[in-house]
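*Asks:* File data-v4.txt below, compact mmCIF, C-alpha atoms:
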```
# COMPACT_ATOMS: atom_id res chain seq x y z
CA MET A 4 63.39 -67.42 -11.44
CA SER A 5 61.57 -66.88 -8.19
CA VAL A 6 60.92 -69.36 -5.43
CA ARG A 7 57.96 -69.21 -3.10
CA PRO A 8 58.93 -68.66 0.53
CA ARG A 9 59.59 -71.97 2.27
CA ALA A 10 59.35 -73.86 -1.05
CA ALA A 11 63.10 -74.51 -1.04
CA THR A 12 65.51 -75.12 1.79
CA LEU A 13 69.27 -75.43 2.14
CA GLU A 14 70.32 -79.06 2.20
CA HIS A 15 73.63 -80.14 3.71
CA LEU A 16 75.30 -82.31 1.07
CA ARG A 17 77.30 -84.00 3.82
CA ARG A 18 75.19 -84.08 6.98
CA ARG A 19 76.53 -82.19 9.96
CA ALA A 20 76.15 -85.38 12.00
CA ASP A 21 78.64 -86.98 9.58
CA GLY A 22 81.15 -84.14 9.85
CA GLY A 23 79.70 -81.79 7.23
CA LYS A 24 80.32 -78.10 7.72
CA ASP A 25 78.02 -75.08 7.56
CA ASN A 26 79.61 -73.51 4.50
CA ARG A 27 78.38 -72.82 1.01
CA ASP A 28 80.42 -75.67 -0.47
CA ASN A 29 78.30 -78.07 1.57
CA PHE A 30 74.88 -76.60 0.71
CA ALA A 31 72.44 -77.24 -2.11
CA ALA A 32 68.87 -76.12 -2.68
CA ALA A 33 66.26 -78.80 -2.12
CA CYS A 34 62.51 -78.75 -1.91
CA LYS A 35 61.37 -78.74 1.71
CA SER A 36 59.63 -82.10 1.33
CA CYS A 37 62.80 -83.79 0.01
CA ASN A 38 65.00 -82.17 2.63
CA ASP A 39 62.65 -83.24 5.42
CA SER A 40 62.25 -86.80 4.12
CA ARG A 41 65.98 -87.47 3.60
CA GLY A 42 66.56 -87.78 7.33
CA LYS A 43 69.69 -89.81 8.13
CA TRP A 44 70.07 -91.30 4.65
CA ASP A 45 73.28 -90.80 2.70
CA LEU A 46 72.74 -88.24 -0.08
CA LEU A 47 73.65 -90.60 -2.94
CA PHE A 48 71.43 -93.38 -1.59
CA TYR A 49 68.55 -90.96 -1.06
CA ALA A 50 68.90 -89.42 -4.53
CA SER A 51 68.91 -92.89 -6.12
CA TRP A 52 65.86 -93.95 -4.10
CA LYS A 53 64.04 -90.70 -4.93
CA ARG A 54 64.66 -91.15 -8.68
CA ASN A 55 63.17 -94.63 -8.57
CA GLU A 56 60.13 -93.35 -6.67
CA PHE A 57 58.84 -91.58 -9.77
```
Can you turn what I pasted into structure tokens?

*Replies:*
Amino acid sequence: MSVRPRAATLEHLRRRADGGKDNRDNFAAACKSCNDSRGKWDLLFYASWKRNEF
């Protein structure tokens, strides 16, 4: 599987502002649009909201 450059970004599962670390256990791939739009929202809240958007 290939990904276009800049199509995916590394998402912090636990935001650094909330004490999350820069290590691979705290990263997941996310589309750039989703990563950018999450902002300060908690990951579980954002994921639930995003599912209901579609």

*Asks:* Would you mind listing what lies within 12 Å of Leu47 (chain A) as a list of chain:residue names, with only C-alpha atoms counted and same-chain residues fewer than 4 positions away left out?

*Replies:*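 Close residues of Leu47 (chain A): A:Leu16, A:Arg17, A:Arg18, A:Arg41, A:Lys43, A:Ser51, A:Trp52, A:Lys53, A:Arg54.
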
*Asks:* Could you work out how far CA of Ala50 (chain A) lies from CA of Ala20 (chain A), giving the answer in Å with one decimal?

*Replies:*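 Rounded to one decimal, the two atoms are 18.5 Å apart.
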
*Asks:* Give me the residues within 12 Å of Gly42 (chain A) as a list in words, counting all atoms listed in the file and dropping any in the same chain fewer than 3 places off.

*Replies:*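 Counting only the stated atoms, we get Glu14, His15, Arg17, Arg18, Arg19, Ala20, Lys35, Ser36, Cys37, Asn38, Asp39, Asp45, Leu46, Phe48 and Tyr49 of chain A.
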
*Asks:* In Å, rounded to a single decimal, give me how far CA of Phe30 (chain A) is from CA of Ala11 (chain A).

*Replies:*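 These two atoms are separated by 12.1 Å.
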
*Asks:* Rounded to one decimal, what separation in Å do you get between CA of Asn55 (chain A) and CA of Gly22 (chain A)?

*Replies:*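 Spanning CA of Asn55 (chain A) to CA of Gly22 (chain A) is a straight-line distance of 27.8 Å.
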
*Asks:* Residues near Thr12 (chain A), anyone? I mean within 9 Å using only C-alpha atoms, not counting same-chain ones fewer than 3 positions away, as a PyMOL selection string.

*Replies:* chain A and resi 9+31-35+38
